[in-house]
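Visitor: Structure below; questions to follow.
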Amino acid sequence: MQLNIDAAAARDAQTRTATPQITAAMALLFAVACGLAVANVYYAQPLLDTLAATFGIRPATVGIVITITQVGYGLGLLLVVPLGDLIDRRQLIVGQSLLSVIALLCVALAPSAAVLLPAMAAVGLLAVVTQVLVAYAALMAPPGERGRVVGIVTSGIIVGILLARAVSGTLSDLVGWRSVYLVSAAATLVVSGLLWKALPRRAPPPVRISYLQLIRSVFTLFAEEPVLRIRAVLAMLIFMAITMLLTPMVLPLTAAPFSLSHTQVGLFGLAGAAGAMGAARAGRQADRGRAQRTTGIGLSVMLLSWALIAMLPWSIWAMVVGVVTIDFGLQSVHVANQSLIYRVRPEAQSRLTAGYMIFYSIGSATGSIASTMLYAHGGWNIVCLAGALTSGLALAFWAMTRHLTPQDASP
(Lines give C-alpha, C1' and ligand atoms only; values in the text may rest on other atoms or scores of the structure.)
Protein backbone atom coordinates (compact mmCIF):
# COMPACT_ATOMS: atom_id res chain seq x y z
CA MET A 1 0.00 0.00 0.00
CA GLN A 2 2.79 2.43 0.93
CA LEU A 3 4.57 1.66 -2.36
CA ASN A 4 1.41 2.54 -4.29
CA ILE A 5 1.07 5.81 -2.40
CA ASP A 6 4.72 6.67 -3.05
CA ALA A 7 4.35 5.82 -6.75
CA ALA A 8 1.27 8.01 -7.05
CA ALA A 9 3.08 10.87 -5.32
CA ALA A 10 6.05 10.47 -7.67
CA ARG A 11 3.78 10.55 -10.74
CA ASP A 12 2.03 13.61 -9.35
CA ALA A 13 5.31 15.44 -8.78
CA GLN A 14 6.63 14.52 -12.23
CA THR A 15 3.44 15.64 -13.95
CA ARG A 16 3.30 18.90 -12.05
CA THR A 17 6.90 19.78 -12.80
CA ALA A 18 6.02 20.26 -16.48
CA THR A 19 2.66 21.91 -15.79
CA PRO A 20 2.13 25.66 -15.20
CA GLN A 21 0.74 26.60 -11.80
CA ILE A 22 -2.80 27.94 -11.68
CA THR A 23 -3.25 31.50 -10.43
CA ALA A 24 -6.26 33.02 -8.70
CA ALA A 25 -7.11 35.04 -11.82
CA MET A 26 -6.85 31.97 -14.04
CA ALA A 27 -9.05 29.93 -11.67
CA LEU A 28 -11.66 32.69 -11.90
CA LEU A 29 -11.46 32.69 -15.71
CA PHE A 30 -11.84 28.90 -15.70
CA ALA A 31 -14.94 29.27 -13.51
CA VAL A 32 -16.47 31.86 -15.86
CA ALA A 33 -15.68 29.81 -18.96
CA CYS A 34 -17.09 26.66 -17.36
CA GLY A 35 -20.24 28.46 -16.27
CA LEU A 36 -20.87 29.83 -19.75
CA ALA A 37 -20.22 26.48 -21.43
CA VAL A 38 -22.41 24.42 -19.14
CA ALA A 39 -25.19 27.01 -19.36
CA ASN A 40 -25.59 26.06 -23.02
CA VAL A 41 -26.81 22.64 -21.92
CA TYR A 42 -29.46 24.06 -19.59
CA TYR A 43 -30.93 27.00 -21.51
CA ALA A 44 -33.69 24.79 -22.90
CA GLN A 45 -35.07 23.60 -19.55
CA PRO A 46 -37.38 26.58 -18.81
CA LEU A 47 -38.27 26.75 -22.52
CA LEU A 48 -39.64 23.24 -23.00
CA ASP A 49 -43.24 24.36 -23.36
CA THR A 50 -42.27 27.04 -25.90
CA LEU A 51 -40.08 24.63 -27.86
CA ALA A 52 -42.90 22.08 -27.90
CA ALA A 53 -45.27 24.68 -29.38
CA THR A 54 -42.71 26.06 -31.86
CA PHE A 55 -41.62 22.73 -33.31
CA GLY A 56 -44.75 20.63 -32.82
CA ILE A 57 -43.28 18.31 -30.19
CA ARG A 58 -45.77 16.57 -27.87
CA PRO A 59 -45.49 17.73 -24.23
CA ALA A 60 -45.04 14.13 -23.03
CA THR A 61 -41.92 13.72 -25.18
CA VAL A 62 -40.47 17.24 -25.24
CA GLY A 63 -37.90 16.04 -22.70
CA ILE A 64 -36.12 14.57 -25.75
CA VAL A 65 -34.66 18.05 -26.32
CA ILE A 66 -32.77 17.77 -23.03
CA THR A 67 -32.04 14.08 -23.50
CA ILE A 68 -30.43 14.47 -26.90
CA THR A 69 -28.29 17.31 -25.55
CA GLN A 70 -27.12 15.01 -22.77
CA VAL A 71 -26.45 12.23 -25.29
CA GLY A 72 -24.22 14.65 -27.20
CA TYR A 73 -22.56 15.59 -23.92
CA GLY A 74 -21.93 11.92 -23.17
CA LEU A 75 -20.31 11.34 -26.56
CA GLY A 76 -18.14 14.40 -26.01
CA LEU A 77 -17.04 13.06 -22.65
CA LEU A 78 -15.83 9.83 -24.22
CA LEU A 79 -14.43 11.12 -27.51
CA VAL A 80 -13.26 14.67 -26.74
CA VAL A 81 -12.39 15.12 -23.06
CA PRO A 82 -9.63 12.44 -23.03
CA LEU A 83 -7.80 14.51 -25.66
CA GLY A 84 -6.75 16.79 -22.80
CA ASP A 85 -4.19 14.11 -21.89
CA LEU A 86 -2.91 13.85 -25.47
CA ILE A 87 -2.80 17.25 -27.24
CA ASP A 88 -2.18 20.87 -26.37
CA ARG A 89 -4.97 21.92 -24.02
CA ARG A 90 -4.96 25.53 -25.13
CA GLN A 91 -5.79 24.57 -28.71
CA LEU A 92 -8.35 21.99 -27.56
CA ILE A 93 -10.19 24.39 -25.24
CA VAL A 94 -10.28 27.33 -27.63
CA GLY A 95 -11.16 25.11 -30.59
CA GLN A 96 -14.13 23.61 -28.74
CA SER A 97 -15.30 27.08 -27.73
CA LEU A 98 -15.23 28.38 -31.29
CA LEU A 99 -17.12 25.35 -32.60
CA SER A 100 -19.68 25.95 -29.84
CA VAL A 101 -20.35 29.37 -31.33
CA ILE A 102 -21.31 27.72 -34.62
CA ALA A 103 -23.53 25.11 -32.91
CA LEU A 104 -25.34 27.81 -30.90
CA LEU A 105 -26.04 29.79 -34.05
CA CYS A 106 -27.52 26.66 -35.64
CA VAL A 107 -29.89 26.25 -32.68
CA ALA A 108 -30.90 29.92 -32.80
CA LEU A 109 -31.69 29.73 -36.51
CA ALA A 110 -33.24 26.24 -36.56
CA PRO A 111 -36.36 26.18 -38.80
CA SER A 112 -37.59 22.75 -37.68
CA ALA A 113 -37.12 20.01 -35.11
CA ALA A 114 -35.05 18.09 -37.67
CA VAL A 115 -32.45 20.86 -37.46
CA LEU A 116 -32.92 21.76 -33.80
CA LEU A 117 -32.24 18.30 -32.36
CA PRO A 118 -28.90 17.64 -34.12
CA ALA A 119 -27.82 21.19 -33.29
CA MET A 120 -28.66 20.61 -29.62
CA ALA A 121 -26.65 17.38 -29.71
CA ALA A 122 -23.69 19.37 -31.07
CA VAL A 123 -24.11 21.95 -28.31
CA GLY A 124 -23.92 19.13 -25.75
CA LEU A 125 -20.93 17.53 -27.48
CA LEU A 126 -18.93 20.76 -27.37
CA ALA A 127 -20.02 21.82 -23.89
CA VAL A 128 -17.63 19.20 -22.50
CA VAL A 129 -14.96 21.89 -22.70
CA THR A 130 -16.14 22.44 -19.12
CA GLN A 131 -14.66 19.11 -18.09
CA VAL A 132 -11.42 19.75 -19.96
CA LEU A 133 -11.08 22.94 -17.94
CA VAL A 134 -11.90 21.23 -14.62
CA ALA A 135 -9.31 18.51 -15.27
CA TYR A 136 -6.71 21.10 -16.28
CA ALA A 137 -7.39 23.15 -13.15
CA ALA A 138 -7.00 20.04 -10.98
CA LEU A 139 -3.71 19.22 -12.70
CA MET A 140 -2.28 22.72 -12.16
CA ALA A 141 -3.36 22.97 -8.52
CA PRO A 142 -1.00 21.99 -5.68
CA PRO A 143 -2.08 18.66 -4.15
CA GLY A 144 -3.07 20.28 -0.85
CA GLU A 145 -5.28 22.80 -2.64
CA ARG A 146 -6.76 20.61 -5.36
CA GLY A 147 -10.14 20.30 -3.68
CA ARG A 148 -10.34 24.06 -3.14
CA VAL A 149 -9.47 24.83 -6.78
CA VAL A 150 -11.93 22.25 -8.10
CA GLY A 151 -14.51 23.74 -5.76
CA ILE A 152 -13.93 27.24 -7.19
CA VAL A 153 -14.26 26.05 -10.78
CA THR A 154 -17.28 23.92 -9.93
CA SER A 155 -18.89 26.95 -8.28
CA GLY A 156 -18.68 28.65 -11.65
CA ILE A 157 -20.45 25.68 -13.19
CA ILE A 158 -23.24 25.89 -10.63
CA VAL A 159 -23.71 29.62 -11.14
CA GLY A 160 -23.74 29.03 -14.90
CA ILE A 161 -26.47 26.43 -14.60
CA LEU A 162 -28.58 28.68 -12.39
CA LEU A 163 -28.07 31.82 -14.43
CA ALA A 164 -28.87 29.81 -17.56
CA ARG A 165 -32.44 29.36 -16.41
CA ALA A 166 -32.81 32.99 -15.31
CA VAL A 167 -31.27 34.41 -18.48
CA SER A 168 -33.13 31.96 -20.68
CA GLY A 169 -36.50 32.73 -19.15
CA THR A 170 -35.99 36.50 -19.17
CA LEU A 171 -34.72 36.76 -22.75
CA SER A 172 -37.45 34.43 -23.96
CA ASP A 173 -40.15 36.60 -22.43
CA LEU A 174 -38.61 39.82 -23.74
CA VAL A 175 -37.43 39.00 -27.27
CA GLY A 176 -38.12 35.32 -27.93
CA TRP A 177 -36.34 32.08 -27.20
CA ARG A 178 -33.96 32.31 -30.17
CA SER A 179 -32.28 35.35 -28.63
CA VAL A 180 -31.02 33.11 -25.80
CA TYR A 181 -28.72 31.21 -28.13
CA LEU A 182 -27.67 34.28 -30.10
CA VAL A 183 -26.52 36.01 -26.92
CA SER A 184 -24.72 32.87 -25.75
CA ALA A 185 -22.90 32.58 -29.08
CA ALA A 186 -21.62 36.16 -28.73
CA ALA A 187 -20.53 35.63 -25.11
CA THR A 188 -18.78 32.36 -26.00
CA LEU A 189 -16.83 34.12 -28.74
CA VAL A 190 -15.58 36.73 -26.25
CA VAL A 191 -14.54 34.10 -23.70
CA SER A 192 -12.73 32.15 -26.44
CA GLY A 193 -10.52 35.17 -27.02
CA LEU A 194 -9.79 35.55 -23.31
CA LEU A 195 -8.85 31.88 -23.00
CA TRP A 196 -6.57 32.07 -26.03
CA LYS A 197 -4.74 34.96 -24.40
CA ALA A 198 -4.59 33.58 -20.84
CA LEU A 199 -3.90 29.86 -21.22
CA PRO A 200 -0.27 28.66 -21.24
CA ARG A 201 0.99 28.53 -24.79
CA ARG A 202 2.88 25.29 -24.36
CA ALA A 203 1.43 22.84 -21.88
CA PRO A 204 3.00 19.46 -22.73
CA PRO A 205 0.52 16.56 -22.62
CA PRO A 206 1.28 13.97 -19.92
CA VAL A 207 0.97 10.93 -22.24
CA ARG A 208 2.14 10.01 -25.72
CA ILE A 209 -0.13 7.31 -27.14
CA SER A 210 -2.46 6.96 -30.10
CA TYR A 211 -6.03 8.26 -30.00
CA LEU A 212 -7.49 4.74 -30.01
CA GLN A 213 -5.24 3.74 -27.12
CA LEU A 214 -6.31 6.89 -25.31
CA ILE A 215 -10.02 6.06 -25.62
CA ARG A 216 -9.39 2.44 -24.68
CA SER A 217 -7.53 3.56 -21.58
CA VAL A 218 -10.69 5.28 -20.28
CA PHE A 219 -12.24 1.82 -19.90
CA THR A 220 -8.97 0.43 -18.53
CA LEU A 221 -9.09 3.01 -15.75
CA PHE A 222 -12.54 1.71 -14.77
CA ALA A 223 -11.10 -1.78 -14.46
CA GLU A 224 -8.10 -0.64 -12.44
CA GLU A 225 -9.53 2.02 -10.13
CA PRO A 226 -12.40 1.04 -7.78
CA VAL A 227 -12.79 4.63 -6.60
CA LEU A 228 -13.59 5.68 -10.17
CA ARG A 229 -16.20 2.94 -10.60
CA ILE A 230 -17.94 3.70 -7.33
CA ARG A 231 -17.90 7.47 -7.65
CA ALA A 232 -19.11 7.28 -11.25
CA VAL A 233 -22.17 5.27 -10.19
CA LEU A 234 -22.84 7.85 -7.48
CA ALA A 235 -22.61 10.60 -10.10
CA MET A 236 -25.12 8.79 -12.30
CA LEU A 237 -27.63 8.47 -9.46
CA ILE A 238 -27.35 11.98 -8.01
CA PHE A 239 -27.60 13.67 -11.41
CA MET A 240 -30.49 11.44 -12.40
CA ALA A 241 -32.25 12.63 -9.25
CA ILE A 242 -31.58 16.34 -9.78
CA THR A 243 -32.61 16.17 -13.43
CA MET A 244 -35.88 14.53 -12.41
CA LEU A 245 -36.53 17.75 -10.51
CA LEU A 246 -35.23 20.36 -12.93
CA THR A 247 -36.52 19.06 -16.26
CA PRO A 248 -40.29 18.88 -15.55
CA MET A 249 -40.26 21.74 -13.01
CA VAL A 250 -41.33 24.28 -15.63
CA LEU A 251 -44.54 22.34 -16.36
CA PRO A 252 -46.34 22.72 -12.98
CA LEU A 253 -44.89 26.18 -12.38
CA THR A 254 -46.24 27.60 -15.66
CA ALA A 255 -49.61 25.90 -15.21
CA ALA A 256 -52.46 26.92 -12.90
CA PRO A 257 -52.57 27.81 -10.06
CA PHE A 258 -49.04 29.30 -10.25
CA SER A 259 -49.00 30.37 -13.93
CA LEU A 260 -45.46 31.72 -13.66
CA SER A 261 -43.78 33.35 -16.65
CA HIS A 262 -40.51 32.03 -18.06
CA THR A 263 -38.73 34.89 -16.30
CA GLN A 264 -40.20 33.86 -12.96
CA VAL A 265 -39.38 30.20 -13.52
CA GLY A 266 -35.80 31.16 -14.34
CA LEU A 267 -35.51 33.26 -11.19
CA PHE A 268 -37.04 30.39 -9.22
CA GLY A 269 -34.04 28.29 -10.21
CA LEU A 270 -31.71 30.80 -8.55
CA ALA A 271 -32.86 29.35 -5.23
CA GLY A 272 -30.27 26.65 -5.89
CA ALA A 273 -27.43 29.20 -5.57
CA ALA A 274 -26.62 27.59 -2.23
CA GLY A 275 -25.13 24.79 -4.29
CA ALA A 276 -22.18 27.05 -5.04
CA MET A 277 -21.51 27.30 -1.32
CA GLY A 278 -21.83 23.54 -1.08
CA ALA A 279 -19.17 23.08 -3.76
CA ALA A 280 -16.72 25.50 -2.15
CA ARG A 281 -17.17 24.00 1.30
CA ALA A 282 -16.95 20.43 0.01
CA GLY A 283 -13.66 21.24 -1.72
CA ARG A 284 -12.14 22.54 1.52
CA GLN A 285 -13.44 19.54 3.46
CA ALA A 286 -11.97 17.15 0.87
CA ASP A 287 -8.55 18.84 1.21
CA ARG A 288 -8.81 18.13 4.94
CA GLY A 289 -9.49 14.43 4.32
CA ARG A 290 -13.24 14.51 4.94
CA ALA A 291 -14.57 13.59 1.50
CA GLN A 292 -16.40 10.48 2.72
CA ARG A 293 -18.20 12.30 5.52
CA THR A 294 -19.12 15.10 3.12
CA THR A 295 -20.56 12.50 0.74
CA GLY A 296 -22.75 10.91 3.39
CA ILE A 297 -24.12 14.25 4.55
CA GLY A 298 -24.75 15.44 0.99
CA LEU A 299 -26.63 12.28 0.00
CA SER A 300 -28.77 12.42 3.14
CA VAL A 301 -29.66 16.05 2.47
CA MET A 302 -30.67 15.20 -1.10
CA LEU A 303 -32.98 12.44 0.08
CA LEU A 304 -34.67 14.57 2.74
CA SER A 305 -35.15 17.45 0.28
CA TRP A 306 -37.73 15.51 -1.71
CA ALA A 307 -40.23 15.79 1.17
CA LEU A 308 -40.14 19.58 0.74
CA ILE A 309 -40.17 19.42 -3.05
CA ALA A 310 -43.28 17.22 -2.98
CA MET A 311 -45.14 20.03 -1.19
CA LEU A 312 -45.23 22.20 -4.33
CA PRO A 313 -49.03 21.81 -4.85
CA TRP A 314 -49.57 23.32 -1.38
CA SER A 315 -46.55 25.59 -0.82
CA ILE A 316 -44.21 27.09 -3.39
CA TRP A 317 -41.93 28.26 -0.57
CA ALA A 318 -41.41 24.70 0.62
CA MET A 319 -40.37 23.91 -2.93
CA VAL A 320 -37.88 26.80 -2.87
CA VAL A 321 -36.27 25.47 0.30
CA GLY A 322 -36.19 21.99 -1.22
CA VAL A 323 -34.38 23.27 -4.31
CA VAL A 324 -31.81 25.03 -2.09
CA THR A 325 -31.08 21.94 -0.02
CA ILE A 326 -31.04 19.35 -2.82
CA ASP A 327 -28.62 21.43 -4.88
CA PHE A 328 -26.42 21.98 -1.84
CA GLY A 329 -26.28 18.23 -1.26
CA LEU A 330 -25.69 17.45 -4.92
CA GLN A 331 -22.72 19.78 -5.31
CA SER A 332 -21.18 18.61 -2.04
CA VAL A 333 -21.19 15.03 -3.30
CA HIS A 334 -20.02 16.02 -6.78
CA VAL A 335 -16.95 17.91 -5.56
CA ALA A 336 -16.11 15.17 -3.05
CA ASN A 337 -16.30 12.64 -5.90
CA GLN A 338 -13.92 14.64 -8.07
CA SER A 339 -11.49 15.24 -5.26
CA LEU A 340 -11.18 11.50 -4.62
CA ILE A 341 -10.78 10.37 -8.23
CA TYR A 342 -8.19 13.06 -9.05
CA ARG A 343 -5.88 11.62 -6.40
CA VAL A 344 -5.35 8.27 -8.07
CA ARG A 345 -3.81 9.09 -11.49
CA PRO A 346 -2.48 12.66 -11.80
CA GLU A 347 -1.23 11.94 -15.33
CA ALA A 348 -4.72 10.89 -16.46
CA GLN A 349 -6.88 13.74 -15.17
CA SER A 350 -8.80 14.21 -18.42
CA ARG A 351 -9.53 10.51 -18.83
CA LEU A 352 -10.62 10.20 -15.22
CA THR A 353 -12.92 13.15 -15.77
CA ALA A 354 -14.29 11.59 -18.96
CA GLY A 355 -15.02 8.26 -17.29
CA TYR A 356 -16.66 9.88 -14.29
CA MET A 357 -18.74 12.36 -16.26
CA ILE A 358 -19.98 9.77 -18.76
CA PHE A 359 -22.02 8.37 -15.91
CA TYR A 360 -23.19 11.88 -15.07
CA SER A 361 -24.46 12.20 -18.64
CA ILE A 362 -26.20 8.81 -18.52
CA GLY A 363 -27.95 9.83 -15.31
CA SER A 364 -28.97 13.25 -16.62
CA ALA A 365 -30.29 11.90 -19.91
CA THR A 366 -32.27 9.17 -18.18
CA GLY A 367 -33.69 11.56 -15.62
CA SER A 368 -34.76 14.05 -18.28
CA ILE A 369 -36.81 11.73 -20.45
CA ALA A 370 -38.15 9.65 -17.54
CA SER A 371 -39.33 12.65 -15.53
CA THR A 372 -41.37 14.25 -18.33
CA MET A 373 -43.01 10.90 -19.08
CA LEU A 374 -43.77 10.33 -15.40
CA TYR A 375 -45.20 13.83 -15.07
CA ALA A 376 -47.42 13.34 -18.11
CA HIS A 377 -48.85 10.11 -16.71
CA GLY A 378 -48.87 10.66 -12.94
CA GLY A 379 -48.21 14.29 -12.13
CA TRP A 380 -45.79 15.91 -9.70
CA ASN A 381 -46.21 13.35 -6.90
CA ILE A 382 -44.96 10.50 -9.09
CA VAL A 383 -41.96 12.57 -10.17
CA CYS A 384 -41.10 13.27 -6.52
CA LEU A 385 -41.47 9.60 -5.57
CA ALA A 386 -39.13 8.55 -8.37
CA GLY A 387 -36.62 11.24 -7.38
CA ALA A 388 -36.71 10.19 -3.73
CA LEU A 389 -36.21 6.53 -4.64
CA THR A 390 -33.22 7.44 -6.80
CA SER A 391 -31.69 9.55 -4.01
CA GLY A 392 -32.30 6.75 -1.52
CA LEU A 393 -30.59 4.27 -3.83
CA ALA A 394 -27.56 6.58 -4.06
CA LEU A 395 -27.31 6.78 -0.26
CA ALA A 396 -27.62 3.01 0.11
CA PHE A 397 -25.01 2.39 -2.59
CA TRP A 398 -22.55 4.74 -0.88
CA ALA A 399 -23.10 3.05 2.49
CA MET A 400 -22.49 -0.42 1.00
CA THR A 401 -19.34 0.56 -0.92
CA ARG A 402 -17.75 3.05 1.47
CA HIS A 403 -15.24 0.50 2.74
CA LEU A 404 -13.95 -0.08 -0.82
CA THR A 405 -12.80 3.52 -1.39
CA PRO A 406 -10.44 5.90 0.47
CA GLN A 407 -11.58 6.67 3.99
CA ASP A 408 -11.56 10.04 5.74
CA ALA A 409 -7.84 10.63 6.01
CA SER A 410 -5.65 13.46 4.85
CA PRO A 411 -4.37 13.02 1.27
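Going by the C-alpha coordinates order, chains are called A, B, ..., each with residues numbered from 1, while ligands are numbered from 1 in the order shown.
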Residues at most 12 Å from Gln96 of chain A, counting only C-alpha atoms, excluding those fewer than 2 positions away in the same chain, as a VMD selection string?

Guide: chain A and resid 33 37 76 80 to 81 83 to 84 89 to 94 98 to 103 122 to 133 188 to 189 191 to 192 195 to 196

Visitor: Can you tell me which residues surround Met249 of chain A at a distance of at most 9 Å, considering only C-alpha atoms, apart from same-chain residues fewer than 2 positions away, and format the answer as a list of chain:residue names?

Guide: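 Contacts, in chain order: A:Gln45, A:Pro46, A:Met244, A:Leu245, A:Leu246, A:Thr247, A:Leu251, A:Pro252, A:Leu253, A:Thr254, A:Val265, A:Trp380.
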
Visitor: Write the residues you've just listed into a file as an mmCIF file, in the first residue's frame, and include N, CA and C atoms for each of them.

Guide:
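Output below, filename again18.cif:
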```
data_model
loop_
_atom_site.group_PDB
_atom_site.id
_atom_site.type_symbol
_atom_site.label_atom_id
_atom_site.label_comp_id
_atom_site.auth_asym_id
_atom_site.auth_seq_id
_atom_site.Cartn_x
_atom_site.Cartn_y
_atom_site.Cartn_z
ATOM 1 N N GLN A 45 -34.188 24.152 -20.580
ATOM 2 C CA GLN A 45 -35.070 23.599 -19.548
ATOM 3 C C GLN A 45 -36.303 24.465 -19.262
ATOM 4 N N PRO A 46 -36.159 25.789 -19.046
ATOM 5 C CA PRO A 46 -37.376 26.578 -18.806
ATOM 6 C C PRO A 46 -38.144 26.909 -20.084
ATOM 7 N N MET A 244 -34.454 14.839 -12.585
ATOM 8 C CA MET A 244 -35.876 14.528 -12.410
ATOM 9 C C MET A 244 -36.634 15.703 -11.803
ATOM 10 N N LEU A 245 -35.913 16.532 -11.058
ATOM 11 C CA LEU A 245 -36.526 17.747 -10.513
ATOM 12 C C LEU A 245 -36.530 18.876 -11.525
ATOM 13 N N LEU A 246 -35.387 19.151 -12.134
ATOM 14 C CA LEU A 246 -35.231 20.360 -12.927
ATOM 15 C C LEU A 246 -35.918 20.308 -14.288
ATOM 16 N N THR A 247 -35.957 19.132 -14.916
ATOM 17 C CA THR A 247 -36.523 19.058 -16.264
ATOM 18 C C THR A 247 -38.031 19.316 -16.289
ATOM 19 N N LEU A 251 -43.175 22.706 -15.996
ATOM 20 C CA LEU A 251 -44.541 22.342 -16.359
ATOM 21 C C LEU A 251 -45.558 22.694 -15.267
ATOM 22 N N PRO A 252 -45.364 22.296 -14.004
ATOM 23 C CA PRO A 252 -46.338 22.719 -12.982
ATOM 24 C C PRO A 252 -46.233 24.200 -12.632
ATOM 25 N N LEU A 253 -45.045 24.781 -12.762
ATOM 26 C CA LEU A 253 -44.886 26.180 -12.380
ATOM 27 C C LEU A 253 -45.534 27.136 -13.382
ATOM 28 N N THR A 254 -45.602 26.744 -14.652
ATOM 29 C CA THR A 254 -46.238 27.603 -15.656
ATOM 30 C C THR A 254 -47.730 27.315 -15.795
ATOM 31 N N VAL A 265 -39.897 31.559 -13.666
ATOM 32 C CA VAL A 265 -39.379 30.198 -13.518
ATOM 33 C C VAL A 265 -37.857 30.220 -13.477
ATOM 34 N N TRP A 380 -46.966 15.524 -10.484
ATOM 35 C CA TRP A 380 -45.792 15.914 -9.699
ATOM 36 C C TRP A 380 -45.467 14.897 -8.603
#
```

Visitor: Restricting the calculation to only C-alpha atoms, which member of A:Cys384, A:Val149, A:Leu116, A:Ala187 is positioned closest to Asp287 of chain A?

Guide: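 Closest candidate: A:Val149.
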
Visitor: Would you please work out which residue, of A:Gly72, A:Pro143, A:Gly156, A:Pro248, is nearest to Ala370 of chain A when using only C-alpha atoms?

Guide: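 Looking only at the distances to Ala370 of chain A, the closest residue turns out to be A:Pro248.
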